[in-house]
Amino acid sequence: MPATSQPPHTDEEIQNAWVDEAPRLDGTVHLAEYDPRWPALFEGEAERIRAALGERVLLLEHVGSTSVPGLAAKPIIDILLEVPDSDDEPAYLPALEAAGYQLVIREPAWERHRAFSGSDPRVNLHVHSPGNGQTERYLLFRDRLRAHPEELATYLAKKRELAAKTWRYIQNYADAKSEVIDEIVARARAAQYDEFSQAYADHAAKSVTNALYDRPAIVELAGDVAGRRVLDAGCAAGHLSALLAARGADVLGLDVSQGLISLARKEFGSVAEFEVADLAQPLSLEDSSVDVVTASLVLHYLADFGPALREFHRVLRPGGLLVFSVHHPGEDWHWFDRENYFETELLDDEFPLGSYRQRVQFYRRPLSETFGAVRDAGFAVDRLVEPQPVAEADEADPRVAQVLRTKPRFLYFRCVAGEK
């Protein structure tokens with residue numbers, strides 16, 4: 001099973017995923033030095049798969065460590081295959097078996113995933129349907145390692161450290177790599193935002209959802225910020241920061257995207273400070289140095305927002321406010337047609353930016369998990385709000401305004417920082 005940001009698998013989950021009994025490792029993991037023959041081995045397997053499936057092959061990519069020049073790896077070629085419907089096994093399984101592949105893992109409840117093995121050369125073939133949450137992750141991670149030697153070095157060091165440990169199943173080793181993979185994928189996604197930062201800034205400036213719904217709700221919950229030090233976490237192009245500054249706040253805006261921070265400085269640098277920072281990492285701010293933290297529509301992009309919430313608590317003065325908005329859990333569960341509301345999972349979405357749509361990913365969570373994370377970080381929830389758009393929204397775009405007035409969209413929290 002591929003390494004993901006899912007929680008570590010239990011022994012029972014591993015056994016249940018395997019068609020036959022899951023093989024035990026009970027040892028360390030052998031990593032071979034990079035072999036320049038690996039890409040050619042993939043091409044040979046790709047020809048075999050295309051010959052077997054023809055037009056049923058929608059996407060076929062070399063992924064995993066053997067796809068990254070210079071990276072040590074288990075000497076197994078990882079291949080990502082998309083077919084029209086991976087749940088429809090009769091449409092592709094017999095052809096793959098005839099081509100020499102054996103079905104070893106079946107996980108219909110997780111991204112409709114199947115895995116096949118090949119023996120000459122050794123292959124792990126991962127099969128998904130279009131729209132799954134893993135294809136972008138695989139490709140972002142691979143391409144990030146290919147283009148950034150420092151990321152490759154970071155990942156390789158973690159692989160060698162973990163490979164030297166003893167594991168019951170190879171999946172346990174894969175699960176242990178998830179944290180460093182998540183961090184690298186997050187940086188890759190931030191770089192993507194740099195590519196469309198101007199389009200995003202233009203959208204956020206005039207979008208009814210942003211300008212006439214989200215930002216007014218955040219400002220109202222933040223209350224009187226005159227003379228207060230405000231940290232605007234995930235500030236994007238700085239529009240919320242500017243509103244808070246106009247109300248007399250001393251504002252520092254943080255965002256992981258250099259492109260967005262550059263635009264924020266250009267447009268609003270005269271009224272607020274802006275710095276590049278990753279909210280998944282510790283903040284370079286002193287303890288108890290901030291009166292208010294705002295985080296508008298950003299926390300759902302973090303696989304685990306517990307560390308970010310704890311950092312917010314650290315930098316806030318006792319009694320300080322945290323005001324944040326996230327996707328409404330009821331909307332995500334319903335809109336994306338998910339089976340288990342109580343599951344935390346990575347979802348694919350498309351963000352409308354003018355004439356095109358940018359693919360993005362975010363995490364949906366049940367409401368109880370968000371409450372738990374807030375409490376565990378040291379906050380008490382003072383207000384929970386499902387706001388209405390301001391009156392101007394009806395004139396700006398009646399259709400969008402009607403949706404916002406009748407369907408759950410975002411959820412807003414005002415939280416008070418407890419004693420340290």
# chains A, B, ... in the order shown; residues from 1 in each chain; ligands from 1
>>> select_by_dssp(residues="segment 88-292 of chain A", states="alpha helix (DSSP H)", output="PyMOL selection string")
chain A and resi 93-98+135-147+149-163+170-176+178-195+197-206+208-209+215-222+239-246+258-268
>>> closest_atom_pairs(of="segment 131-187 of chain A", to="segment 30-53 of chain A", cutoff="12 Å", atoms="only C-alpha atoms", output="CSV")
residue,atom,partner,partner_atom,distance
A:Leu156,CA,A:Leu31,CA,10.2
A:Ala157,CA,A:Leu31,CA,11.8
A:Lys159,CA,A:Leu31,CA,8.6
A:Arg160,CA,A:Leu31,CA,7.8
A:Glu161,CA,A:Leu31,CA,11.1
A:Leu162,CA,A:His30,CA,10.7
A:Ala163,CA,A:His30,CA,6.9
A:Ala164,CA,A:His30,CA,8.4
A:Lys165,CA,A:His30,CA,10.6
A:Thr166,CA,A:His30,CA,11.1
A:Trp167,CA,A:His30,CA,11.8
A:Ile170,CA,A:His30,CA,10.7
A:Tyr173,CA,A:His30,CA,11.4
>>> closest_residue(among="A:Ser67, A:Arg399, A:His113, A:Leu96", to="Trp18 of chain A", atoms="only C-alpha atoms")
A:His113
>>> residues_around(residues="Thr10 of chain A", least_positions_apart="3", cutoff="12 Å", atoms="only C-alpha atoms", output="mmCIF file with C-alpha atoms, in the first residue's frame")
data_model
loop_
_atom_site.group_PDB
_atom_site.id
_atom_site.type_symbol
_atom_site.label_atom_id
_atom_site.label_comp_id
_atom_site.auth_asym_id
_atom_site.auth_seq_id
_atom_site.Cartn_x
_atom_site.Cartn_y
_atom_site.Cartn_z
ATOM 1 C CA GLN A 6 -3.613 8.462 6.517
ATOM 2 C CA PRO A 7 -3.049 7.403 10.125
ATOM 3 C CA GLU A 13 -6.032 -3.239 8.475
ATOM 4 C CA ILE A 14 -2.910 -4.501 6.730
ATOM 5 C CA GLN A 15 -4.110 -8.099 6.799
ATOM 6 C CA ASN A 16 -7.591 -7.154 5.580
ATOM 7 C CA ALA A 17 -6.200 -5.230 2.598
ATOM 8 C CA ARG A 168 6.812 -6.206 11.186
ATOM 9 C CA TYR A 169 5.326 -5.279 7.787
ATOM 10 C CA GLN A 171 3.585 -1.039 5.316
ATOM 11 C CA ASN A 172 4.782 0.028 8.765
ATOM 12 C CA ASP A 175 3.575 4.698 7.137
#
>>> residues_around(residues="segment 281-291 of chain A", least_positions_apart="3", cutoff="12 Å", atoms="only C-alpha atoms", output="ChimeraX atom specification")
/A:183,186-187,222-233,249-252,254-256,275-278,294,302,304-323,416-420
>>> atom_distance(atom1="atom CA of His300 of chain A", atom2="atom CA of Val360 of chain A")
11.6 Å
>>> atom_distance(atom1="atom CA of Leu279 of chain A", atom2="atom CA of Phe324 of chain A")
13.6 Å
>>> residues_around(residues="Arg142 of chain A", least_positions_apart="4", cutoff="8 Å", atoms="only C-alpha atoms", output="number ranges by chain")
A: 63-65, 67-68, 138, 146
